[in-house]
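Here is the file coords.txt (compact mmCIF, C-alpha atoms).
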# COMPACT_ATOMS: atom_id res chain seq x y z
CA MET I 8 48.40 46.94 127.88
CA LYS I 9 52.07 46.06 127.37
CA LYS I 10 52.53 45.85 131.13
CA ILE I 11 49.52 43.62 131.58
CA LEU I 12 50.60 41.24 128.85
CA SER I 13 54.16 41.21 130.24
CA VAL I 14 52.92 40.33 133.73
CA ILE I 15 50.70 37.55 132.39
CA THR I 16 53.49 36.18 130.20
CA VAL I 17 56.05 36.19 133.01
CA PHE I 18 53.61 34.57 135.43
CA VAL I 19 52.64 31.81 133.03
CA LEU I 20 56.25 31.32 131.99
CA MET I 21 57.35 30.85 135.59
CA THR I 22 54.57 28.41 136.45
CA GLY I 23 55.27 26.50 133.26
CA LEU I 24 58.93 26.13 134.15
CA VAL I 25 58.07 24.89 137.62
CA GLN I 26 55.72 22.31 136.12
CA SER I 27 58.29 21.15 133.62
CA GLN I 28 60.73 20.27 136.39
CA ASP I 29 58.25 17.71 137.77
CA LYS I 30 58.39 15.59 134.64
CA PRO I 31 60.94 12.90 133.72
CA ALA I 32 63.83 14.08 131.54
CA SER I 33 62.92 11.55 128.85
CA SER I 34 59.51 13.15 128.17
CA MET I 35 59.06 14.31 124.61
CA GLY I 36 55.81 16.26 124.98
CA TYR I 37 52.35 15.69 123.56
CA THR I 38 50.03 16.72 120.77
CA PRO I 39 47.21 18.79 122.25
CA LYS I 40 43.63 18.07 121.33
CA SER I 41 43.04 21.78 120.86
CA TYR I 42 44.50 25.12 121.85
CA TYR I 43 43.38 28.69 122.36
CA THR I 44 45.39 31.83 121.82
CA ILE I 45 45.17 35.38 123.05
CA SER I 46 47.56 37.74 121.37
CA TRP I 47 48.57 41.32 121.09
CA ASN I 48 48.45 42.38 117.47
CA THR I 49 50.56 45.06 115.82
CA THR I 50 49.40 46.13 112.38
CA PHE I 51 51.58 47.51 109.58
CA THR I 52 49.51 48.93 106.74
CA ILE I 53 50.83 48.37 103.22
CA GLY I 54 49.83 49.35 99.67
CA ASP I 55 46.91 51.72 99.34
CA PHE I 56 46.06 51.29 103.00
CA ASN I 57 49.42 52.82 103.90
CA LYS I 58 48.41 56.01 102.10
CA TRP I 59 45.41 56.28 104.39
CA VAL I 60 47.30 55.59 107.63
CA GLY I 61 51.07 55.26 107.47
CA ASN I 62 51.68 54.44 111.11
CA ALA I 63 52.18 50.95 112.47
CA SER I 64 49.63 50.44 115.19
CA PRO I 65 49.94 48.32 118.32
CA ALA I 66 46.25 48.77 119.15
CA GLY I 67 45.11 45.26 118.35
CA PHE I 68 43.96 42.16 120.07
CA ASP I 69 43.27 38.68 118.76
CA ILE I 70 41.56 35.57 120.12
CA GLY I 71 41.92 32.26 118.31
CA GLY I 72 41.14 28.61 118.71
CA ARG I 73 42.36 25.46 116.90
CA TYR I 74 41.17 21.88 117.03
CA PHE I 75 43.45 19.13 115.74
CA ILE I 76 41.61 16.89 113.31
CA HIS I 77 44.43 14.74 111.96
CA ASN I 78 48.08 14.65 113.00
CA GLY I 79 49.31 18.24 112.58
CA LEU I 80 46.23 19.44 110.75
CA ALA I 81 43.99 21.77 112.72
CA VAL I 82 40.93 23.89 112.04
CA GLY I 83 39.64 26.81 114.02
CA PHE I 84 38.79 30.48 114.15
CA ASN I 85 40.20 33.93 114.80
CA ILE I 86 38.39 37.02 116.03
CA SER I 87 40.26 40.29 116.37
CA TRP I 88 39.97 43.96 117.14
CA GLN I 89 42.38 46.30 115.43
CA ARG I 90 42.76 50.01 115.01
CA VAL I 91 45.20 51.96 112.89
CA SER I 92 45.32 55.73 113.22
CA GLU I 93 47.35 58.75 112.31
CA ASN I 94 47.04 62.48 112.87
CA TYR I 95 47.74 64.76 109.94
CA SER I 96 48.40 68.44 110.48
CA GLN I 97 46.83 71.12 108.31
CA GLN I 98 45.52 69.12 105.39
CA THR I 99 43.02 70.55 102.95
CA TYR I 100 39.96 68.62 101.81
CA THR I 101 37.80 69.97 99.04
CA ILE I 102 34.31 69.41 97.71
CA PRO I 103 34.79 71.06 94.30
CA ASP I 104 31.20 70.99 93.05
CA LYS I 105 30.06 72.86 96.16
CA GLY I 106 33.05 75.18 96.29
CA ILE I 107 33.92 74.00 99.78
CA ALA I 108 37.42 73.57 101.18
CA ILE I 109 38.35 72.58 104.72
CA ASN I 110 41.81 72.93 106.16
CA ALA I 111 42.53 71.53 109.59
CA GLU I 112 44.51 69.07 111.61
CA ASN I 113 42.70 65.79 111.24
CA CYS I 114 42.79 62.25 112.44
CA ARG I 115 42.27 59.30 110.15
CA PHE I 116 41.63 55.94 111.63
CA THR I 117 40.24 52.58 110.70
CA TRP I 118 38.67 50.28 113.24
CA MET I 119 38.53 46.65 112.21
CA VAL I 120 36.83 43.56 113.55
CA PRO I 121 38.09 40.58 111.52
CA PHE I 122 36.52 37.14 111.92
CA GLN I 123 37.95 34.19 110.07
CA ALA I 124 37.78 30.42 109.78
CA VAL I 125 41.29 29.02 109.82
CA ILE I 126 42.99 25.87 108.61
CA ALA I 127 46.47 25.28 110.02
CA TYR I 128 49.20 22.70 109.68
CA HIS I 129 51.67 22.10 112.52
CA PHE I 130 54.86 20.42 111.35
CA ILE I 131 55.80 18.96 114.76
CA PRO I 132 52.75 19.44 116.97
CA ASP I 133 54.10 17.43 119.93
CA LYS I 134 57.36 19.33 120.29
CA LEU I 135 58.33 22.16 122.59
CA ILE I 136 58.45 24.48 119.62
CA SER I 137 55.67 23.84 117.15
CA PRO I 138 55.95 25.85 113.92
CA TYR I 139 52.90 26.11 111.72
CA ILE I 140 51.45 27.61 108.58
CA SER I 141 47.82 28.59 108.28
CA LEU I 142 45.27 30.24 106.06
CA GLY I 143 42.42 32.33 107.39
CA ILE I 144 39.34 32.96 105.26
CA GLY I 145 36.56 35.23 106.38
CA GLY I 146 35.43 38.81 106.61
CA ASP I 147 35.96 42.10 108.31
CA TYR I 148 33.77 44.80 109.69
CA MET I 149 35.64 48.06 109.14
CA GLU I 150 34.89 51.68 109.96
CA HIS I 151 36.97 54.34 108.24
CA HIS I 152 36.88 57.65 110.11
CA LEU I 153 38.04 61.12 109.21
CA MET I 154 37.85 63.40 112.24
CA ILE I 155 38.12 67.17 111.98
CA GLN I 156 37.53 69.00 115.25
CA GLU I 157 34.28 67.53 116.58
CA TYR I 158 33.17 66.31 113.17
CA ASP I 159 33.45 62.61 112.56
CA ILE I 160 32.95 61.61 108.94
CA TYR I 161 32.95 57.86 108.52
CA LYS I 162 31.97 54.94 106.35
CA THR I 163 31.26 51.39 107.34
CA VAL I 164 32.43 48.66 104.97
CA TRP I 165 32.19 44.86 105.17
CA ASP I 166 34.61 42.73 103.21
CA PHE I 167 36.04 39.35 102.34
CA SER I 168 39.58 38.63 103.50
CA LEU I 169 42.39 36.10 103.19
CA THR I 170 45.20 35.76 105.73
CA PRO I 171 48.14 33.42 105.17
CA GLU I 172 50.16 33.14 108.37
CA ILE I 173 53.37 31.60 109.65
CA GLY I 174 54.03 31.20 113.33
CA ALA I 175 55.08 28.99 116.17
CA LEU I 176 53.81 27.84 119.53
CA VAL I 177 56.51 27.67 122.18
CA ARG I 178 55.44 25.50 125.08
CA PHE I 179 56.63 26.45 128.58
CA GLY I 180 57.93 22.92 129.20
CA SER I 181 57.29 19.63 127.42
CA TYR I 182 54.12 18.89 129.37
CA SER I 183 52.97 22.40 130.09
CA ASN I 184 49.46 23.38 129.09
CA TRP I 185 50.71 26.89 128.46
CA GLY I 186 52.91 28.43 125.86
CA ALA I 187 53.76 31.52 123.88
CA LEU I 188 52.60 32.37 120.41
CA ILE I 189 54.50 34.35 117.85
CA ALA I 190 53.06 34.74 114.37
CA PHE I 191 53.31 36.92 111.33
CA ASN I 192 50.65 37.23 108.70
CA TYR I 193 49.77 39.04 105.51
CA LYS I 194 46.18 40.05 105.11
CA TRP I 195 44.42 40.89 101.87
CA THR I 196 40.89 42.25 101.89
CA THR I 197 38.32 43.48 99.42
CA ASN I 198 37.78 46.47 101.69
CA GLN I 199 38.09 50.01 100.38
CA ILE I 200 38.21 53.57 101.59
CA ALA I 201 36.45 56.40 99.76
CA LEU I 202 36.40 59.54 101.89
CA TYR I 203 36.87 62.84 100.06
CA GLU I 204 39.86 62.60 97.73
CA THR I 205 41.22 59.53 99.46
CA THR I 206 40.48 56.33 97.61
CA SER I 207 42.08 53.04 98.56
CA LYS I 208 41.16 49.61 97.27
CA ASN I 209 41.92 46.07 98.40
CA LEU I 210 43.31 47.11 101.75
CA GLN I 211 46.33 45.07 102.77
CA MET I 212 48.34 44.82 105.94
CA LEU I 213 50.94 42.82 107.80
CA ASN I 214 50.31 41.75 111.36
CA LEU I 215 52.71 40.66 114.07
CA LYS I 216 51.05 38.64 116.81
CA VAL I 217 52.61 37.91 120.18
CA GLY I 218 50.55 36.14 122.78
CA ILE I 219 49.92 33.22 125.04
CA VAL I 220 48.47 29.80 124.30
CA MET I 221 46.40 27.52 126.47
CA MET I 222 46.49 23.88 125.32
CA ILE I 223 43.88 21.26 126.03
CA ARG I 224 45.08 17.65 126.06
CA MET X 1 27.65 7.36 143.36
CA ASN X 2 30.99 8.05 141.74
CA ARG X 3 33.47 10.12 143.62
CA LYS X 4 36.71 11.55 142.40
CA PHE X 5 39.51 11.70 144.93
CA TYR X 6 42.48 14.00 144.58
CA ASN X 7 45.83 13.62 146.25
CA SER X 8 47.48 16.78 147.62
CA LYS X 9 49.60 17.36 144.48
CA GLN X 10 46.61 17.05 142.16
CA TYR X 11 44.63 19.37 144.43
CA SER X 12 47.45 21.89 144.36
CA ASN X 13 47.69 21.67 140.55
CA ASN X 14 43.94 22.17 140.31
CA ILE X 15 44.14 25.34 142.41
CA ASN X 16 47.08 26.60 140.30
CA MET X 17 45.09 26.00 137.13
CA LYS X 18 42.12 27.93 138.47
CA ALA X 19 44.36 30.80 139.58
CA LYS X 20 45.98 30.96 136.16
CA LEU X 21 42.62 30.88 134.42
CA GLY X 22 41.35 33.64 136.70
CA LEU X 23 44.40 35.75 136.00
CA LEU X 24 44.07 35.11 132.30
CA ILE X 25 40.42 36.18 132.28
CA LEU X 26 41.29 39.30 134.27
CA GLY X 27 44.17 40.09 131.93
CA VAL X 28 42.04 39.57 128.86
CA GLY X 29 39.34 41.82 130.28
CA MET X 30 41.81 44.61 131.02
CA ALA X 31 43.60 44.24 127.70
CA PHE X 32 40.24 44.26 125.93
CA THR X 33 39.20 47.46 127.68
CA LEU X 34 42.49 49.21 126.98
CA SER X 35 43.12 48.13 123.41
CA CYS X 36 39.72 47.89 121.85
CA THR X 37 38.36 51.41 122.22
CA LYS X 38 37.29 52.52 118.82
CA TYR X 39 38.47 56.15 118.99
CA PRO X 40 42.15 57.00 119.41
CA ALA X 41 42.81 59.07 122.54
CA GLU X 42 44.73 61.73 120.66
CA THR X 43 41.61 62.92 118.79
CA ASP X 44 40.81 65.14 121.78
CA ARG X 45 43.44 67.63 120.72
CA LEU X 46 41.72 68.18 117.37
CA LEU X 47 39.29 70.44 119.20
CA GLU X 48 42.13 72.81 120.09
CA ASP X 49 43.14 73.25 116.49
CA LEU X 50 41.92 76.05 114.27
CA ALA X 51 40.02 74.81 111.25
CA VAL X 52 39.46 76.92 108.15
CA ILE X 53 36.31 76.26 106.18
CA THR X 54 35.64 78.20 102.99
CA GLN X 55 32.88 78.15 100.43
CA TYR X 56 32.60 80.22 97.30
CA ASP X 57 29.73 80.65 94.87
CA THR X 58 30.66 78.26 92.06
CA LYS X 59 28.39 80.12 89.60
CA VAL X 60 30.27 83.37 89.97
CA ASP X 61 33.26 84.55 87.96
CA PHE X 62 35.30 86.64 90.37
CA ASN X 63 37.01 88.28 87.43
CA THR X 64 33.89 90.42 86.99
CA TYR X 65 34.54 92.10 90.33
CA LYS X 66 37.33 94.64 90.58
CA THR X 67 36.90 96.69 93.72
CA TYR X 68 36.10 96.05 97.35
CA SER X 69 35.51 97.78 100.60
CA ILE X 70 36.14 96.46 104.08
CA THR X 71 34.78 97.50 107.45
CA SER X 72 37.09 98.99 110.07
CA TYR X 73 35.85 96.68 112.83
CA ILE X 74 34.90 93.07 113.52
CA MET X 75 31.34 92.55 114.62
CA LYS X 76 31.27 90.48 117.78
CA VAL X 77 28.05 88.55 118.27
CA THR X 78 27.24 87.14 121.68
CA ASP X 79 24.08 85.91 123.33
CA LYS X 80 23.56 89.36 124.80
CA ASP X 81 24.48 91.81 122.11
CA THR X 82 26.30 92.62 118.90
CA ILE X 83 29.19 95.03 119.27
CA PRO X 84 31.96 96.23 116.96
CA ILE X 85 35.48 95.44 118.14
CA THR X 86 38.63 97.22 117.06
CA ASP X 87 41.29 95.69 119.27
CA GLN X 88 44.78 94.70 118.12
CA THR X 89 43.68 91.28 116.86
CA ALA X 90 40.72 92.72 114.97
CA VAL X 91 42.96 95.29 113.28
CA ALA X 92 45.51 92.60 112.36
CA VAL X 93 42.83 90.29 110.91
CA LEU X 94 41.28 93.07 108.83
CA ALA X 95 44.72 94.14 107.57
CA GLU X 96 45.48 90.55 106.55
CA ILE X 97 42.24 90.30 104.60
CA ASP X 98 43.08 93.62 102.96
CA LYS X 99 46.55 92.38 102.02
CA ASN X 100 45.22 89.14 100.53
CA MET X 101 42.48 90.88 98.53
CA GLN X 102 45.00 93.21 96.97
CA ALA X 103 47.37 90.33 96.25
CA ARG X 104 44.49 88.70 94.35
CA GLY X 105 44.13 91.74 92.12
CA PHE X 106 41.22 93.52 93.82
CA VAL X 107 41.46 97.25 94.33
CA LYS X 108 40.33 98.83 97.54
CA SER X 109 37.65 101.40 96.89
CA ALA X 110 38.07 104.96 97.90
CA SER X 111 35.40 105.88 100.41
CA ALA X 112 33.41 107.87 97.87
CA VAL X 113 33.37 105.14 95.25
CA LYS X 114 30.85 102.32 95.08
CA PRO X 115 32.68 98.98 95.42
CA ASP X 116 31.83 95.70 93.73
CA LEU X 117 32.37 93.67 96.88
CA GLY X 118 31.87 94.40 100.55
CA ILE X 119 33.71 92.52 103.27
CA GLU X 120 32.45 92.12 106.80
CA VAL X 121 33.94 90.02 109.55
CA PHE X 122 31.96 88.52 112.41
CA TYR X 123 33.15 86.86 115.54
CA PHE X 124 30.60 84.55 117.10
CA GLU X 125 31.65 84.06 120.67
CA ASN X 126 28.86 82.09 122.23
CA THR X 127 25.70 82.24 120.29
CA THR X 128 23.64 79.64 118.56
CA VAL X 129 21.13 81.65 116.57
CA TYR X 130 21.39 85.25 115.55
CA THR X 131 19.60 87.79 113.46
CA TYR X 132 21.50 90.43 111.61
CA TYR X 133 20.61 93.28 109.33
CA TYR X 134 23.34 93.56 106.78
CA ASP X 135 24.52 97.15 106.91
CA TYR X 136 25.48 97.90 103.38
CA TRP X 137 24.60 101.52 103.91
CA GLY X 138 28.22 102.07 104.80
CA TYR X 139 29.29 100.99 101.36
CA TYR X 140 27.11 103.52 99.67
CA PRO X 141 27.88 106.84 101.21
CA TYR X 142 26.52 108.55 98.12
CA GLY X 143 24.42 105.81 96.68
CA GLY X 144 21.48 105.52 98.99
CA TYR X 145 19.31 104.15 96.26
CA TYR X 146 18.95 100.79 97.93
CA TYR X 147 18.51 102.17 101.40
CA PRO X 148 16.55 101.19 103.51
CA TYR X 149 16.55 97.62 102.17
CA TYR X 150 18.04 95.71 105.03
CA PRO X 151 18.10 92.03 104.26
CA VAL X 152 17.70 90.03 107.43
CA TYR X 153 20.07 87.15 108.17
CA TYR X 154 19.12 84.31 110.40
CA ALA X 155 22.01 82.03 111.06
CA SER X 156 23.28 79.46 113.50
CA TYR X 157 26.93 79.16 114.38
CA THR X 158 28.95 77.29 116.88
CA THR X 159 31.05 79.10 119.43
CA GLY X 160 34.44 80.66 118.76
CA LEU X 161 33.97 81.23 115.05
CA ALA X 162 35.33 84.10 112.97
CA SER X 163 33.44 84.48 109.74
CA ILE X 164 34.66 86.54 106.80
CA GLN X 165 31.86 87.34 104.39
CA LEU X 166 32.34 88.68 100.91
CA MET X 167 29.11 90.29 99.81
CA ASP X 168 28.17 91.06 96.23
CA LEU X 169 27.30 94.73 96.17
CA LYS X 170 27.30 94.79 92.39
CA ASN X 171 24.29 92.55 92.04
CA VAL X 172 21.98 93.46 94.90
CA ASP X 173 18.42 92.31 94.34
CA PRO X 174 16.23 95.30 95.28
CA VAL X 175 12.99 93.37 94.74
CA LYS X 176 13.81 90.45 96.98
CA GLN X 177 15.93 92.70 99.17
CA LEU X 178 18.87 90.33 98.95
CA ILE X 179 22.58 90.80 99.02
CA TYR X 180 24.38 87.66 97.95
CA CYS X 181 27.35 86.27 99.78
CA ARG X 182 29.90 85.10 97.17
CA TRP X 183 32.56 83.80 99.53
CA ASN X 184 32.50 82.87 103.16
CA ALA X 185 35.46 81.83 105.26
CA GLY X 186 35.07 80.47 108.77
CA ILE X 187 37.86 80.05 111.27
CA ARG X 188 36.63 77.60 113.90
CA GLY X 189 37.99 76.74 117.31
CA LEU X 190 38.89 80.20 118.61
CA LEU X 191 37.59 79.44 122.09
CA THR X 192 39.63 76.26 122.51
CA GLY X 193 43.36 76.09 123.10
CA THR X 194 45.64 79.10 122.98
CA HIS X 195 45.82 81.05 119.75
CA THR X 196 47.98 84.07 119.10
CA THR X 197 47.15 86.86 116.70
CA SER X 198 49.68 85.45 114.23
CA ASP X 199 47.96 82.03 114.44
CA ILE X 200 44.70 83.68 113.45
CA THR X 201 46.18 85.80 110.65
CA ALA X 202 47.90 82.67 109.31
CA ARG X 203 44.46 81.09 109.06
CA VAL X 204 43.18 84.15 107.22
CA ASP X 205 45.97 83.55 104.70
CA GLN X 206 44.97 79.87 104.54
CA ALA X 207 41.38 80.84 103.72
CA PHE X 208 42.63 82.63 100.63
CA ILE X 209 45.13 79.90 99.74
CA GLN X 210 42.39 77.27 99.64
CA THR X 211 40.24 79.50 97.41
CA PRO X 212 42.37 80.09 94.32
CA GLN X 213 39.19 81.02 92.41
CA LEU X 214 38.98 84.24 94.39
CA GLN X 215 41.03 86.52 92.16
CA THR X 216 40.64 89.11 89.46
CA THR X 217 42.72 90.82 86.85
CA PRO X 218 43.15 94.51 87.64

Starting from the file, give its structure as structure tokens.
Amino acid sequence: MKKILSVITVFVLMTGLVQSQDKPASSMGYTPKSYYTISWNTTFTIGDFNKWVGNASPAGFDIGGRYFIHNGLAVGFNISWQRVSENYSQQTYTIPDKGIAINAENCRFTWMVPFQAVIAYHFIPDKLISPYISLGIGGDYMEHHLMIQEYDIYKTVWDFSLTPEIGALVRFGSYSNWGALIAFNYKWTTNQIALYETTSKNLQMLNLKVGIVMMIR
Amino acid sequence: MNRKFYNSKQYSNNINMKAKLGLLILGVGMAFTLSCTKYPAETDRLLEDLAVITQYDTKVDFNTYKTYSITSYIMKVTDKDTIPITDQTAVAVLAEIDKNMQARGFVKSASAVKPDLGIEVFYFENTTVYTYYYDYWGYYPYGGYYYPYYPVYYASYTTGLASIQLMDLKNVDPVKQLIYCRWNAGIRGLLTGTHTTSDITARVDQAFIQTPQLQTTP
């Protein structure tokens, strides 16, 4: 996936640079009417969630859209797919009231599908580099899995989530319709994990998003 | 009728835009396929690992049992037959069980003495359902009182499982013809991956480690 995203980024970057050379040097850019993002999402679990899966996971993908409603103020959406996973060797799980204990290598993972409405403010929306802050409000569909050999023990949990984010759009030329996105967010959810002795509440994570942007004038 | 005319530069830009959009859609599709699979790829190797599953009778106080006896073979159950095996691995596994039982305070019965607990080990190679007559006759060389009560076991197991069964010979039910299993340890995954004898005996140790309740005071 890294290779694919690299190829796409390089291709768009090159075409953007070629386009930018066609424009007069005095051009200062434009404020797009809307823009759409596709980004690769790396998740770092924190708090209780980190006890469930400690690994940072690059298995994530995000699609977003923003529509400018007034100056730098935009509203939109984000839909993502994310997975965090970690293998643990020789852990023991017990069910005390039944006298059962299981010891095995196991894999814990959480698969997430977040969907959020977003409000964002771009400080200088017409510039080559357009920093922004945003707040996402929505929900997640999460599956928490504990896999031991061919057994897959899992729970499905829906939640409410909040995601404050800082980031920037970097246009490939003042008049290019394409750009890069880099963003960092903190996500707080009401989601919880309760599988065997593992109990985690209010799952939290940090996400690093790197992607491309298509702007509509 | 309105017509829109393009000059050559606009036409070229239009083509470029379409090409970029096409590439983007292709890239998104591939990235989606690669990154959005729910299950991590590395879960496949879990099947090659040995898992130890134990269950003990929570109503039993193991301190009331003092002695045990153990068979000199492992009973191998296949689709075709049930045969005793006494190869190097079988001997090592039985010796490890012996060692752990003694470390937990149980005393191995002399052959002429009636034990409190009887241990049998099965290896289910590739069977799904089996029937077995528990042969406790061997534990009672001079106590044939219960003979010929042969409780019948019907069970279903997955392949490559070693099962250690600790039977209660102290509290046999002659009316219902039942011998109760007080502790069962299963070592799963023996037919996947490569496992040495020491891997298997380490799992035997693990079965005891995860059952601290299984002990008595001599």

Residues of chain I near chain X: apply a cut-off of 9 Å, count all atoms listed in the file, and supply the list as a ChimeraX atom specification.
/I:8-9,11-12,14-15,18-19,22,45,47,65-68,88-94,97,99,101,103-114,116-119,154-157

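Counting from atom CA of Lys176 of chain X, the distance to atom CA of Tyr123 of chain X is 27.0 Å.
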
Shell around Lys170 of chain X at 10 Å using all atoms listed in the file, local window under 5 positions removed, as a ChimeraX atom specification
/X:64-65,67,114-118,179-180

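Between atom CA of Ser207 of chain I and atom CA of Ile86 of chain I lies a distance of 24.0 Å.
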
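Atom pair atom CA of Ser41 of chain I / atom CA of Ile223 of chain I: separated by 5.3 Å.
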
In the coordinates of the file, take the point (57.0, 28.3, 115.9) and a cut-off of 7 Å; then, counting only C-alpha atoms, name each qualifying protein, DNA or RNA residue as a ChimeraX atom specification.
/I:136-139,174-177,189

For the point (44.7, 89.8, 98.4) in the file's frame, write as a PDB file with C-alpha atoms, keeping the file's coordinate frame all residues with an atom no more than 12 Å away, counting all atoms listed in the file.
ATOM      1  CA  LYS X  66      37.330  94.640  90.580  1.00  0.00           C
ATOM      2  CA  THR X  67      36.900  96.690  93.720  1.00  0.00           C
ATOM      3  CA  TYR X  68      36.100  96.050  97.350  1.00  0.00           C
ATOM      4  CA  LEU X  94      41.280  93.070 108.830  1.00  0.00           C
ATOM      5  CA  ALA X  95      44.720  94.140 107.570  1.00  0.00           C
ATOM      6  CA  GLU X  96      45.480  90.550 106.550  1.00  0.00           C
ATOM      7  CA  ILE X  97      42.240  90.300 104.600  1.00  0.00           C
ATOM      8  CA  ASP X  98      43.080  93.620 102.960  1.00  0.00           C
ATOM      9  CA  LYS X  99      46.550  92.380 102.020  1.00  0.00           C
ATOM     10  CA  ASN X 100      45.220  89.140 100.530  1.00  0.00           C
ATOM     11  CA  MET X 101      42.480  90.880  98.530  1.00  0.00           C
ATOM     12  CA  GLN X 102      45.000  93.210  96.970  1.00  0.00           C
ATOM     13  CA  ALA X 103      47.370  90.330  96.250  1.00  0.00           C
ATOM     14  CA  ARG X 104      44.490  88.700  94.350  1.00  0.00           C
ATOM     15  CA  GLY X 105      44.130  91.740  92.120  1.00  0.00           C
ATOM     16  CA  PHE X 106      41.220  93.520  93.820  1.00  0.00           C
ATOM     17  CA  VAL X 107      41.460  97.250  94.330  1.00  0.00           C
ATOM     18  CA  LYS X 108      40.330  98.830  97.540  1.00  0.00           C
ATOM     19  CA  VAL X 204      43.180  84.150 107.220  1.00  0.00           C
ATOM     20  CA  ASP X 205      45.970  83.550 104.700  1.00  0.00           C
ATOM     21  CA  GLN X 206      44.970  79.870 104.540  1.00  0.00           C
ATOM     22  CA  ALA X 207      41.380  80.840 103.720  1.00  0.00           C
ATOM     23  CA  PHE X 208      42.630  82.630 100.630  1.00  0.00           C
ATOM     24  CA  ILE X 209      45.130  79.900  99.740  1.00  0.00           C
ATOM     25  CA  THR X 211      40.240  79.500  97.410  1.00  0.00           C
ATOM     26  CA  PRO X 212      42.370  80.090  94.320  1.00  0.00           C
ATOM     27  CA  GLN X 213      39.190  81.020  92.410  1.00  0.00           C
ATOM     28  CA  LEU X 214      38.980  84.240  94.390  1.00  0.00           C
ATOM     29  CA  GLN X 215      41.030  86.520  92.160  1.00  0.00           C
ATOM     30  CA  THR X 216      40.640  89.110  89.460  1.00  0.00           C
ATOM     31  CA  THR X 217      42.720  90.820  86.850  1.00  0.00           C
ATOM     32  CA  PRO X 218      43.150  94.510  87.640  1.00  0.00           C
TER      33      PRO X 218
END
